[in-house]
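Below is one structure, written out as structure tokens; comments come after it.
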There are 2 protein chains.
Amino acid sequence: MYLNLNPEIGHLYLQVYSAIRDMIISRELKDGTKLPSIRSLSSEYSISKNTVSNAYYQLEIEGYISSVEKVGFFVNKIDHLVQLDSDSEESTPISEIKPIYDFSFSGVDSSSFPYSIWRRVFRETVNSEDETLLRQGDPKGLYELRDAIANYLKNSRGVSTSPDDIIISAGTEHLFYLLRRLLGENSKYGFEDPGYAWGNEFFTYDLKSAAPIPIDESGIKISDLVREDVDICLVTPAHQFPTGIVMPISRRIELLNWAAVENRFIIEDDYDGEFKFSGRPVPALKSMDVFDSVIYMGSFSKCLTPSLRISYMVMPKKLMRLYENAFSGFGCPCSVFIQKALTTFIKDGYFEKHINRMRNIYSGKHELMTGLLGKINGLKIIPPQSGMSFVIELKKDIDGESFAEYARKNGIGITPLNRFSTIEENSNPKFIIGFAGLSKSEIKTGLSALKDLINRI
Amino acid sequence: MYLNLNPEIGHLYLQVYSAIRDMIISRELKDGTKLPSIRSLSSEYSISKNTVSNAYYQLEIEGYISSVEKVGFFVNKIDHLVQLDSDSEESTPISEIKPIYDFSFSGVDSSSFPYSIWRRVFRETVNSEDETLLRQGDPKGLYELRDAIANYLKNSRGVSTSPDDIIISAGTEHLFYLLRRLLGENSKYGFEDPGYAWGNEFFTYDLKSAAPIPIDESGIKISDLVREDVDICLVTPAHQFPTGIVMPISRRIELLNWAAVENRFIIEDDYDGEFKFSGRPVPALKSMDVFDSVIYMGSFSKCLTPSLRISYMVMPKKLMRLYENAFSGFGCPCSVFIQKALTTFIKDGYFEKHINRMRNIYSGKHELMTGLLGKINGLKIIPPQSGMSFVIELKKDIDGESFAEYARKNGIGITPLNRFSTIEENSNPKFIIGFAGLSKSEIKTGLSALKDLINRI
């Protein structure tokens, strides 16, 4: 037997293994063929018997050959595997020019991220050489973190809850994904229109039954929830996305009363409830949840950084029991390292300080935006202009997407409102314009450039 | 109007706000009531007009009152909200006594975790003050990490792939969850029996169509896949869980040929492919995937620590296109901090060193286990005894769950095999017994205790 040994493969036994394997695959060695004995191959190639034995052993455990005691080694029968040309097509990455002044609604102020504190927090976390750092831990998330979140919610959002009712996960989409499965595929979902669910295919993809629910000046319209026979509705009461409407108490109560029926639930996404720039933050809808039918979602994306990927929900007790039965094997998707570090960050008071600091920073930017946008002719701010982005209307007869594209090419990123709505736009185009990710001087220059663009059309 | 001010609430304006709000909720102030003017309330209570104005403003944005210009402030009509006693029932945490010698199959050697390297890696990661650290980033996961994984797979598992074909997620269950949705609810799933899917409700919960597929001495039986008309099968070819069977080349080819049909896919979970204690690791099934029908799943749980929560899959190109269309808004669940740190850990060569070191450590424990288990009368190791756990049979006429419970009460954790099977056990009970999480001396003491327990029954 001629062995085509290739020294690049590494260990000599692997060279022998590989040479024989290739002969079997190429059918040079037919099935049933008896291989040379270990002794004879060893002396033929002047290699140790151990090397040949290792190669044969590897071939055997991979199933290429079989050994028959005291008789020898035989090539196994192996099906023919059709060799196709591998698909050499390259997937082309979508390259998009990032605008210079990105007034994205999803931006955060990354220049204010407390790097040095996080270095310290990570160092402390790994320093502790705490063995629990290496265990996968509770499927609902680290108990200490859930405890820290429960305290935070009580003080900041008026929500009385216990760590037992909290599930930690990795982003609003993941929470929604869990809920979808938990609540069953036959539930009918109602999403605010306009609302973020209509701008992210993920929310409605493959959903059997979802209805757009119009909003009026107080938020989601209860009459339409009833008319559409919705089971689960997703709302953003702190600042309706994208309009910024703060849901008033009367509508909150109407909504809670709507949900006081078996198997109806409200999903409250409190994505930026911390950031209110006039008056104090309105307590969460969940704080009034006497029927235990509000699923409260929170996240550290807006108030810290989206790259942490930590979100959480406070579950009604009946749903939590269902979750514990069905999802005990699911496991929390968040790294225990990050969960521990975030726990320290909250418990040591850094989080509260950070929020207060960011509220001031964002408040300053909000004021600047209000002033500058008010001075641009041909543009109107649509009230209530609360929250982390504004809705503006262009008093021009132009298509929203075309203008956004034109602006993008000129370095300005703004988002047409109709991307988040199922309603055909039949008036002047509206846009969502955020400010969190830009510095004050970028806001000034960016809005001045936007003004020029508007004058030009 | 009498205001019941409560100084514990904080700011004076919040005390005023809160007092009026409570009167509105309790109907002491009926809807339509005109509130005192700012000036008169201010002089009545000797508080600044600004304070009253702030309180009224807050009441207005929360919808409790309305202002009519030049006329004054009026209480809004608010629906009655039924006040229920809040559910005071406490959820009782399931407290389980953790065995002293936990021969769990899911353990890892945490005493060997490279803490000091991780401290360094985290420090470098946060030190860089890299702005991409704060962005949510690519929904498929950090490009650099996918690149590092592609290199690793090529060198260690024989899989040629590109970063574009890799998706990073947080645990096998999360990967499976994605796939379930991507492959549609109408596909029929085949799971190895015994196999881990039958031991974790998560995998089969709510699945329309799933079949247990028996395994023989070469692994999953192709004839049963055909007979059951399966579309998607999940296999563990490196070491079948829990039997440890290494799928031989003939069965691998049979399986690949089975999947060479449109809409049939193989999910290869290579959960511990790195750890083979005799011979070199068998290349992954994916390395022979000429039909592009193998979905390869890998994870850092076994080879580093489950608490990282990072797993990944290599997708067939046709599925990747589907994913990119449907899941672009989903977002990778892994914190960018952890992804960056892991990238450094792999690129700087620490990962390979760690794997080699762990292979030695586990190999030593494996040898020790083989020797000691072999000496216990009334117990038989079921071959092939490869991988990170053994299957043992107790030559006693006793129920598996009862013995496991008896062992647990005596400080020994072992897992009845039948928890992972739909097949009724009609012979002696079998158990899965892992060793990764125990030190050598714990293995010695633990197995000696197990021996005593067996002798006593």
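Chain lettering (A, B, ...) mirrors the order of the structure tokens, residue numbering begins at 1 for each chain separately, and ligand numbering begins at 1 in order of display.
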DSSP on the backbone, strand (DSSP E) only: what residues of region 100-195 of chain B does that give? Format it as number ranges by chain. B: 101-102, 166-169, 189-193
Based on the selection just made, write N, CA, C and O atoms of those residues as a JSON list (two decimals), in the first residue's frame.
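Printed below is again.json as written:
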[["chain", "number", "residue", "atom", "x", "y", "z"],
["B", 101, "TYR", "N", -21.32, 15.76, 46.37],
["B", 101, "TYR", "CA", -20.56, 15.26, 45.22],
["B", 101, "TYR", "C", -21.50, 15.22, 44.02],
["B", 101, "TYR", "O", -22.25, 14.26, 43.84],
["B", 102, "ASP", "N", -21.46, 16.29, 43.25],
["B", 102, "ASP", "CA", -22.44, 16.41, 42.18],
["B", 102, "ASP", "C", -21.86, 15.89, 40.86],
["B", 102, "ASP", "O", -21.14, 16.61, 40.18],
["B", 166, "ILE", "N", -22.09, 33.07, 10.09],
["B", 166, "ILE", "CA", -22.17, 32.77, 11.53],
["B", 166, "ILE", "C", -23.15, 33.72, 12.23],
["B", 166, "ILE", "O", -23.18, 34.91, 11.94],
["B", 167, "ILE", "N", -23.94, 33.16, 13.13],
["B", 167, "ILE", "CA", -24.82, 33.95, 14.00],
["B", 167, "ILE", "C", -24.41, 33.68, 15.44],
["B", 167, "ILE", "O", -24.29, 32.51, 15.83],
["B", 168, "ILE", "N", -24.22, 34.73, 16.20],
["B", 168, "ILE", "CA", -23.87, 34.57, 17.61],
["B", 168, "ILE", "C", -25.12, 34.77, 18.45],
["B", 168, "ILE", "O", -25.90, 35.68, 18.22],
["B", 169, "SER", "N", -25.30, 33.88, 19.41],
["B", 169, "SER", "CA", -26.46, 34.01, 20.30],
["B", 169, "SER", "C", -26.09, 33.55, 21.70],
["B", 169, "SER", "O", -24.92, 33.43, 22.03],
["B", 189, "TYR", "N", -39.87, 17.73, 13.55],
["B", 189, "TYR", "CA", -38.56, 17.61, 14.17],
["B", 189, "TYR", "C", -38.31, 16.18, 14.64],
["B", 189, "TYR", "O", -39.20, 15.55, 15.20],
["B", 190, "GLY", "N", -37.08, 15.70, 14.41],
["B", 190, "GLY", "CA", -36.68, 14.40, 14.95],
["B", 190, "GLY", "C", -35.58, 14.61, 15.98],
["B", 190, "GLY", "O", -34.59, 15.28, 15.70],
["B", 191, "PHE", "N", -35.79, 14.10, 17.19],
["B", 191, "PHE", "CA", -34.79, 14.23, 18.25],
["B", 191, "PHE", "C", -34.27, 12.85, 18.65],
["B", 191, "PHE", "O", -35.07, 11.91, 18.81],
["B", 192, "GLU", "N", -32.97, 12.75, 18.85],
["B", 192, "GLU", "CA", -32.36, 11.50, 19.30],
["B", 192, "GLU", "C", -33.05, 11.00, 20.58],
["B", 192, "GLU", "O", -33.33, 11.79, 21.47],
["B", 193, "ASP", "N", -33.27, 9.72, 20.65],
["B", 193, "ASP", "CA", -33.90, 9.13, 21.83],
["B", 193, "ASP", "C", -33.11, 7.90, 22.26],
["B", 193, "ASP", "O", -33.12, 6.90, 21.55]]
Fewer than 4 positions away in the same chain doesn't count, so skip those; otherwise give me all residues within 8 Å of Glu254 (chain B), counting only C-alpha atoms, as a ChimeraX atom specification. /A:79 /B:222,250,258
Write out, as CSV, each residue of region 310-394 of chain A that has an atom at most 10 Å from region 145-150 of chain A, together with the closest pair of atoms and their distance in Å to one decimal, counting only C-alpha atoms, rows going by chain and rising number.
residue,atom,partner,partner_atom,distance
A:Tyr312,CA,A:Arg146,CA,8.6
A:Met313,CA,A:Arg146,CA,9.9
A:Val314,CA,A:Ala150,CA,8.9
A:Gln339,CA,A:Leu145,CA,6.5
A:Lys340,CA,A:Leu145,CA,7.1
A:Ala341,CA,A:Leu145,CA,9.3
A:Leu342,CA,A:Leu145,CA,7.3
A:Thr343,CA,A:Leu145,CA,4.9
A:Thr344,CA,A:Leu145,CA,8.6
A:Phe345,CA,A:Ala148,CA,9.7
A:Ile346,CA,A:Ala148,CA,6.6
A:Lys347,CA,A:Ala148,CA,6.4
Kindly export the residues of the current selection with N, CA and C atoms, as a PDB file, in the first residue's frame.
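The result, written out as selection-v2.pdb:
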ATOM      1  N   TYR A 312     -35.563  43.708  31.028  1.00  0.00           N
ATOM      2  CA  TYR A 312     -36.223  42.885  32.042  1.00  0.00           C
ATOM      3  C   TYR A 312     -37.722  43.084  31.942  1.00  0.00           C
ATOM      4  N   MET A 313     -38.475  42.153  32.518  1.00  0.00           N
ATOM      5  CA  MET A 313     -39.895  42.429  32.649  1.00  0.00           C
ATOM      6  C   MET A 313     -40.410  42.006  34.008  1.00  0.00           C
ATOM      7  N   VAL A 314     -41.424  42.739  34.458  1.00  0.00           N
ATOM      8  CA  VAL A 314     -42.128  42.393  35.677  1.00  0.00           C
ATOM      9  C   VAL A 314     -43.398  41.685  35.227  1.00  0.00           C
ATOM     10  N   GLN A 339     -24.197  40.656  34.318  1.00  0.00           N
ATOM     11  CA  GLN A 339     -25.238  40.798  35.335  1.00  0.00           C
ATOM     12  C   GLN A 339     -24.641  41.198  36.682  1.00  0.00           C
ATOM     13  N   LYS A 340     -23.515  40.554  37.039  1.00  0.00           N
ATOM     14  CA  LYS A 340     -22.853  40.899  38.310  1.00  0.00           C
ATOM     15  C   LYS A 340     -22.358  42.342  38.281  1.00  0.00           C
ATOM     16  N   ALA A 341     -21.722  42.710  37.165  1.00  0.00           N
ATOM     17  CA  ALA A 341     -21.169  44.055  37.066  1.00  0.00           C
ATOM     18  C   ALA A 341     -22.287  45.094  37.158  1.00  0.00           C
ATOM     19  N   LEU A 342     -23.398  44.831  36.485  1.00  0.00           N
ATOM     20  CA  LEU A 342     -24.507  45.779  36.513  1.00  0.00           C
ATOM     21  C   LEU A 342     -25.110  45.877  37.917  1.00  0.00           C
ATOM     22  N   THR A 343     -25.167  44.735  38.620  1.00  0.00           N
ATOM     23  CA  THR A 343     -25.665  44.745  39.999  1.00  0.00           C
ATOM     24  C   THR A 343     -24.822  45.689  40.853  1.00  0.00           C
ATOM     25  N   THR A 344     -23.511  45.548  40.762  1.00  0.00           N
ATOM     26  CA  THR A 344     -22.608  46.432  41.507  1.00  0.00           C
ATOM     27  C   THR A 344     -22.850  47.888  41.115  1.00  0.00           C
ATOM     28  N   PHE A 345     -22.965  48.118  39.822  1.00  0.00           N
ATOM     29  CA  PHE A 345     -23.166  49.476  39.313  1.00  0.00           C
ATOM     30  C   PHE A 345     -24.427  50.102  39.911  1.00  0.00           C
ATOM     31  N   ILE A 346     -25.491  49.314  40.024  1.00  0.00           N
ATOM     32  CA  ILE A 346     -26.737  49.844  40.593  1.00  0.00           C
ATOM     33  C   ILE A 346     -26.625  49.990  42.105  1.00  0.00           C
ATOM     34  N   LYS A 347     -26.172  48.906  42.769  1.00  0.00           N
ATOM     35  CA  LYS A 347     -26.170  48.906  44.239  1.00  0.00           C
ATOM     36  C   LYS A 347     -25.231  49.963  44.816  1.00  0.00           C
TER      37      LYS A 347
END
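When only C-alpha atoms are used to measure the gap to chain B, the shortest distance among A:Ser187, A:Ser128, A:Ser335, A:Ser162 belongs to A:Ser335.
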Selected residue, from A:Asn263, A:Asn356, A:Ser218, A:Thr243, that lies nearest to Ile381 (chain A) when counting only C-alpha atoms: A:Thr243
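Of the residues listed (B:Val108, B:Val294, B:Ile432, B:Leu417), B:Val108 shows the shortest atom-to-atom separation from chain A; distances use only C-alpha atoms.
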Give me the residues of region 302-378 of chain B that have any atom at most 9 Å from an atom of region 179-185 of chain B; for each, the nearest atom pair and the distance in Å, rounded to one decimal. Use only C-alpha atoms, sort by chain and number, and format it as a Markdown table.
| residue | atom | partner | partner_atom | distance |
| --- | --- | --- | --- | --- |
| B:Leu319 | CA | B:Leu182 | CA | 8.0 |
| B:Leu322 | CA | B:Leu182 | CA | 7.4 |
| B:Tyr323 | CA | B:Leu182 | CA | 6.8 |
| B:Ala326 | CA | B:Leu182 | CA | 8.0 |
| B:Phe327 | CA | B:Leu182 | CA | 8.8 |
Residues of region 35-81 of chain A within 9 Å of region 7-28 of chain A: nearest atom pair and distance (Å, one decimal) for each, counting only C-alpha atoms, sorted by chain and number, as CSV?
residue,atom,partner,partner_atom,distance
A:Ile47,CA,A:Leu12,CA,8.5
A:Asn50,CA,A:Tyr13,CA,8.5
A:Thr51,CA,A:Tyr13,CA,4.9
A:Val52,CA,A:Tyr13,CA,6.3
A:Ser53,CA,A:Tyr13,CA,8.2
A:Asn54,CA,A:Tyr13,CA,6.2
A:Ala55,CA,A:Tyr17,CA,4.6
A:Tyr56,CA,A:Tyr17,CA,6.8
A:Tyr57,CA,A:Tyr17,CA,8.9
A:Gln58,CA,A:Tyr17,CA,7.0
A:Leu59,CA,A:Tyr17,CA,6.4
A:Tyr64,CA,A:Arg21,CA,7.0
A:Val75,CA,A:Ile24,CA,7.3
A:Asn76,CA,A:Ile24,CA,8.6
A:Ile78,CA,A:Ile25,CA,8.2
A:His80,CA,A:Ile25,CA,8.4
A:Leu81,CA,A:Ile25,CA,8.7
